[in-house]
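For reference, the structure discussed in these notes is given below.
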Amino acid sequence: MTAVHGLKPLREFANPEALATALAAAVAAALRHRLAAQPLATQPVAALAVSGGTTPTRFFVALRSEELDWSRVIITLVDDRCVSETSSRSNARLVRQTLLQNRAAAAAFLPLATADEGSLAVLPLPFAAVVLGMGLDGHTASFFPGGDRLSFALHGPHMLERINAPQAGEPRVTLTWAALQTAHYLALHIEGAGKRAVLDAALAPGPVLDMPVRVALARTPPADIFWCP
């Protein structure tokens with residue numbers, strides 16, 4: 001499979017703080033749009049999937065102060081490491097400590113590490129917004145090059161896959177591309193010169209299995225790319 005790109009313009013920012021503010025505003029707008037479509041509902045009607053790691057911390061801090069009806073939002077993760085939430089490597093721990101605070105404390109949260117297809121049924125799909133990251137090897141979500149279940153995660157019909165890959169460290173659990181690609185708003189959040197070089201390489205035509213982030217770049221419409229040095 002070779003990616004074909006019809007990219008939106010790259011959104012460049014001077015620093016991580018400016019990027020975080022703009023990304024939070026874009027995600028909050030997507031959530032408000034979904035909430036406005038179902039004004040009488042009292043249960044969560046807008047789902048947001050976010051990525052972990054170190055890059056999104058400023059974005060989480062900006063997003064948690066956005067004014068919207070967080071009580072009707074359910075947040076989950078794009079992917080997570082199969083570790084306890086007491087581990088510093090847990091993406092669920094990061095979300096609880098940095099996003100589910102302030103106004104966003106009213107949102108519901110569905111951890112992914114212990115989820116299964118049945119527990120994901122509570123998500124009001126399609127996602128109102130999904131925010132992806134990208135690694136220096138061209139992975140996004142837990143779509144790692146060489147992952148033992150990569151083809152299933154990219155092309156399978158299920159919402160969830162468990163993946164092992166040498167560069168991933170721990171075993172991972174990830175939402176599949178089938179679950180992610182239908183998001184009303186899809187953003188790709190990257191920072192630093194190293195990741196910009198990886199992005200430039202991924203924008204060139206080539207096998208998705210080599211640089212799985214290409215699935216987001218080839219989507220119609222493609223991911224909204226946020227980058228800063």
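Chain labels run A, B, ... following the order of the structure tokens; each chain numbers its residues from 1, and ligands are numbered from 1 in the order shown.
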Could you give me the residues within stretch 121-213 of chain A that DSSP places in strand (DSSP E or B), as an mmCIF file with N, CA and C atoms, in the first residue's frame?
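Final output, part-v7.cif:
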```cif
data_model
loop_
_atom_site.group_PDB
_atom_site.id
_atom_site.type_symbol
_atom_site.label_atom_id
_atom_site.label_comp_id
_atom_site.auth_asym_id
_atom_site.auth_seq_id
_atom_site.Cartn_x
_atom_site.Cartn_y
_atom_site.Cartn_z
ATOM 1 N N ALA A 129 -13.143 14.107 17.981
ATOM 2 C CA ALA A 129 -11.771 14.527 17.700
ATOM 3 C C ALA A 129 -10.795 13.444 18.120
ATOM 4 N N VAL A 130 -9.719 13.316 17.363
ATOM 5 C CA VAL A 130 -8.614 12.411 17.660
ATOM 6 C C VAL A 130 -7.325 13.194 17.469
ATOM 7 N N VAL A 131 -6.430 13.103 18.439
ATOM 8 C CA VAL A 131 -5.133 13.760 18.335
ATOM 9 C C VAL A 131 -4.050 12.688 18.347
ATOM 10 N N LEU A 132 -3.340 12.576 17.247
ATOM 11 C CA LEU A 132 -2.263 11.603 17.096
ATOM 12 C C LEU A 132 -0.923 12.260 17.354
ATOM 13 N N THR A 140 2.654 6.023 14.492
ATOM 14 C CA THR A 140 1.621 6.814 15.137
ATOM 15 C C THR A 140 0.693 5.834 15.834
ATOM 16 N N PHE A 143 1.085 1.931 15.992
ATOM 17 C CA PHE A 143 1.337 1.334 14.689
ATOM 18 C C PHE A 143 2.843 1.370 14.434
ATOM 19 N N LEU A 160 -9.757 -2.514 18.451
ATOM 20 C CA LEU A 160 -8.647 -2.603 19.390
ATOM 21 C C LEU A 160 -7.696 -3.711 18.967
ATOM 22 N N GLU A 161 -6.405 -3.441 19.088
ATOM 23 C CA GLU A 161 -5.389 -4.468 18.843
ATOM 24 C C GLU A 161 -4.302 -4.355 19.898
ATOM 25 N N ARG A 162 -3.719 -5.491 20.210
ATOM 26 C CA ARG A 162 -2.548 -5.525 21.096
ATOM 27 C C ARG A 162 -1.341 -5.846 20.239
ATOM 28 N N ILE A 163 -0.287 -5.065 20.420
ATOM 29 C CA ILE A 163 0.864 -5.106 19.520
ATOM 30 C C ILE A 163 2.158 -5.209 20.322
ATOM 31 N N ARG A 172 1.885 -3.178 23.814
ATOM 32 C CA ARG A 172 1.003 -2.020 23.658
ATOM 33 C C ARG A 172 -0.413 -2.451 23.319
ATOM 34 N N VAL A 173 -1.346 -1.564 23.599
ATOM 35 C CA VAL A 173 -2.714 -1.704 23.129
ATOM 36 C C VAL A 173 -3.043 -0.432 22.364
ATOM 37 N N THR A 174 -3.734 -0.567 21.255
ATOM 38 C CA THR A 174 -3.992 0.598 20.405
ATOM 39 C C THR A 174 -5.376 0.534 19.794
ATOM 40 N N LEU A 175 -5.984 1.690 19.623
ATOM 41 C CA LEU A 175 -7.143 1.768 18.758
ATOM 42 C C LEU A 175 -6.664 1.518 17.332
ATOM 43 N N TYR A 185 -12.714 15.278 13.487
ATOM 44 C CA TYR A 185 -11.517 16.123 13.424
ATOM 45 C C TYR A 185 -10.312 15.278 13.807
ATOM 46 N N LEU A 186 -9.313 15.248 12.936
ATOM 47 C CA LEU A 186 -8.102 14.458 13.176
ATOM 48 C C LEU A 186 -6.898 15.378 13.105
ATOM 49 N N ALA A 187 -6.108 15.405 14.171
ATOM 50 C CA ALA A 187 -4.921 16.259 14.230
ATOM 51 C C ALA A 187 -3.680 15.403 14.459
ATOM 52 N N LEU A 188 -2.573 15.858 13.923
ATOM 53 C CA LEU A 188 -1.265 15.243 14.149
ATOM 54 C C LEU A 188 -0.391 16.288 14.823
ATOM 55 N N HIS A 189 0.077 15.977 16.030
ATOM 56 C CA HIS A 189 0.839 16.913 16.863
ATOM 57 C C HIS A 189 2.292 16.463 16.919
ATOM 58 N N ILE A 190 3.195 17.265 16.341
ATOM 59 C CA ILE A 190 4.620 16.935 16.362
ATOM 60 C C ILE A 190 5.427 18.168 16.726
ATOM 61 N N GLU A 191 6.547 17.937 17.377
ATOM 62 C CA GLU A 191 7.424 19.028 17.791
ATOM 63 C C GLU A 191 8.876 18.647 17.556
ATOM 64 N N PRO A 207 5.701 2.854 1.228
ATOM 65 C CA PRO A 207 4.859 1.875 1.922
ATOM 66 C C PRO A 207 4.407 2.362 3.299
#
```
**Request:** Skip A:Ala108 itself and residues of its chain fewer than 5 positions away, then list as a ChimeraX atom specification all residues within 10 Å of it, counting only C-alpha atoms.
**Result:** /A:43-44,47,70-76,100
Output file for the residues above (N, CA and C atoms, as an mmCIF file, in the first residue's frame):
```
data_model
loop_
_atom_site.group_PDB
_atom_site.id
_atom_site.type_symbol
_atom_site.label_atom_id
_atom_site.label_comp_id
_atom_site.auth_asym_id
_atom_site.auth_seq_id
_atom_site.Cartn_x
_atom_site.Cartn_y
_atom_site.Cartn_z
ATOM 1 N N GLN A 43 -26.172 12.288 28.720
ATOM 2 C CA GLN A 43 -25.035 11.381 28.815
ATOM 3 C C GLN A 43 -23.927 11.846 27.867
ATOM 4 N N PRO A 44 -22.696 11.290 27.976
ATOM 5 C CA PRO A 44 -21.637 11.680 27.051
ATOM 6 C C PRO A 44 -22.038 11.430 25.595
ATOM 7 N N ALA A 47 -16.872 12.017 21.926
ATOM 8 C CA ALA A 47 -15.705 11.229 22.334
ATOM 9 C C ALA A 47 -14.435 11.857 21.780
ATOM 10 N N TRP A 70 -18.095 19.674 29.614
ATOM 11 C CA TRP A 70 -17.227 18.504 29.749
ATOM 12 C C TRP A 70 -17.979 17.300 30.306
ATOM 13 N N SER A 71 -19.080 17.500 31.007
ATOM 14 C CA SER A 71 -19.806 16.364 31.573
ATOM 15 C C SER A 71 -20.421 15.482 30.486
ATOM 16 N N ARG A 72 -20.494 15.978 29.260
ATOM 17 C CA ARG A 72 -21.026 15.190 28.143
ATOM 18 C C ARG A 72 -19.914 14.719 27.197
ATOM 19 N N VAL A 73 -18.686 14.754 27.691
ATOM 20 C CA VAL A 73 -17.524 14.312 26.910
ATOM 21 C C VAL A 73 -16.923 13.079 27.568
ATOM 22 N N ILE A 74 -16.540 12.104 26.760
ATOM 23 C CA ILE A 74 -15.788 10.955 27.257
ATOM 24 C C ILE A 74 -14.435 10.928 26.541
ATOM 25 N N ILE A 75 -13.392 10.787 27.329
ATOM 26 C CA ILE A 75 -12.021 10.815 26.820
ATOM 27 C C ILE A 75 -11.426 9.420 26.914
ATOM 28 N N THR A 76 -10.741 9.012 25.879
ATOM 29 C CA THR A 76 -9.968 7.791 25.923
ATOM 30 C C THR A 76 -8.614 8.058 25.278
ATOM 31 N N LEU A 100 -7.425 15.622 32.982
ATOM 32 C CA LEU A 100 -8.667 15.515 33.755
ATOM 33 C C LEU A 100 -8.607 16.374 35.014
#
```
Need the shell around A:Ala113: protein/DNA/RNA residues with any atom at most 7 Å away, counting only C-alpha atoms. Skip same-chain ones fewer than 4 positions apart. Format as a CSV table (one decimal) with N, CA and C atoms, in the first residue's frame?
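After the write, out10.csv holds the following:
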```csv
chain,number,residue,atom,x,y,z
A,80,ASP,N,-1.9,2.9,24.5
A,80,ASP,CA,-1.2,2.9,25.8
A,80,ASP,C,-0.3,1.7,26.0
A,81,ARG,N,0.6,1.9,26.9
A,81,ARG,CA,1.5,0.8,27.3
A,81,ARG,C,0.8,-0.1,28.2
A,82,CYS,N,1.0,-1.4,28.1
A,82,CYS,CA,0.3,-2.4,29.0
A,82,CYS,C,1.0,-2.4,30.4
A,173,VAL,N,-1.3,-1.6,23.6
A,173,VAL,CA,-2.7,-1.7,23.1
A,173,VAL,C,-3.0,-0.4,22.4
```
**Item:** Polymer residues at most 10 Å from A:Leu209, only C-alpha atoms, same-chain spacing of 5 or more positions, as number ranges by chain
**Value:** A: 1-2, 138-139, 143-147, 150-151, 154, 214-215
Next, the residues of the selection above should be written as a JSON list (two decimals), in the first residue's frame with C-alpha atoms.
```json
[["chain", "number", "residue", "atom", "x", "y", "z"],
["A", 1, "MET", "CA", 0.00, 0.00, 0.00],
["A", 2, "THR", "CA", 1.42, 3.38, -1.03],
["A", 138, "GLY", "CA", 7.36, 7.04, 11.73],
["A", 139, "HIS", "CA", 4.89, 5.30, 14.01],
["A", 143, "PHE", "CA", 1.34, 1.33, 14.69],
["A", 144, "PHE", "CA", 5.02, 0.44, 14.94],
["A", 145, "PRO", "CA", 6.99, -0.60, 11.85],
["A", 146, "GLY", "CA", 7.62, -4.32, 12.26],
["A", 147, "GLY", "CA", 4.90, -4.73, 14.90],
["A", 150, "LEU", "CA", 0.56, -4.05, 12.48],
["A", 151, "SER", "CA", -1.42, -5.22, 9.46],
["A", 154, "LEU", "CA", -4.09, -0.84, 10.03],
["A", 214, "ARG", "CA", 1.29, 7.79, 6.34],
["A", 215, "VAL", "CA", -2.23, 6.48, 6.98]]
```
**Prompt:** By how many Å are atom CA of A:Asn91 and atom CA of A:Phe59 apart?
**Reply:**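 Separation of atom CA of A:Asn91 and atom CA of A:Phe59: 14.3 Å.
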**Prompt:** Quick one: residues within 10 Å of stretch 134-136 of chain A, only C-alpha atoms counted, chain neighbours fewer than 5 positions away excluded, as a ChimeraX atom specification?
**Reply:** /A:51,53,55,141-144,188-191,194-199,211-213
**Prompt:** What gap, in Å, lies between atom CA of A:Asp224 and atom CA of A:His184?
**Reply:** 11.4 Å
**Message:** When DSSP is applied to the backbone of this structure, which of stretch 38-214 of chain A are assigned alpha helix (DSSP H)? Write them out as a PyMOL selection string.
**Reply:** chain A and resi 57-63+91-98+150-155+177-180+193-203+214
**Top pick for closest residue to A:Ala193, considering A:Ala30, A:Ala128, A:Pro229, A:Leu19 and counting only C-alpha atoms** =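 Between A:Ala30, A:Ala128, A:Pro229, A:Leu19, the residue approaching A:Ala193 most closely is A:Pro229.
The two atoms in question, atom CA of A:Phe60 and atom CA of A:Leu35, are spaced 19.8 Å apart.
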**Request:** Considering only C-alpha atoms, state which residue in the set A:Gly192, A:Ala165, A:Glu66, A:Glu85 is at the smallest distance from A:Cys228.
**Result:** A:Gly192
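The nearest approach to A:Pro56 among the residues A:Gln38, A:Ser84, A:Ser90, A:Thr98, with only C-alpha atoms taken into account, belongs to A:Thr98.
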**Message:** If we count only C-alpha atoms and set the cut-off at 9 Å, which residues sit around A:Leu110, ignoring sequence neighbours fewer than 5 positions away in its own chain? Please answer as a PyMOL selection string.
**Reply:** chain A and resi 74-77+92+115+119-120+122-123
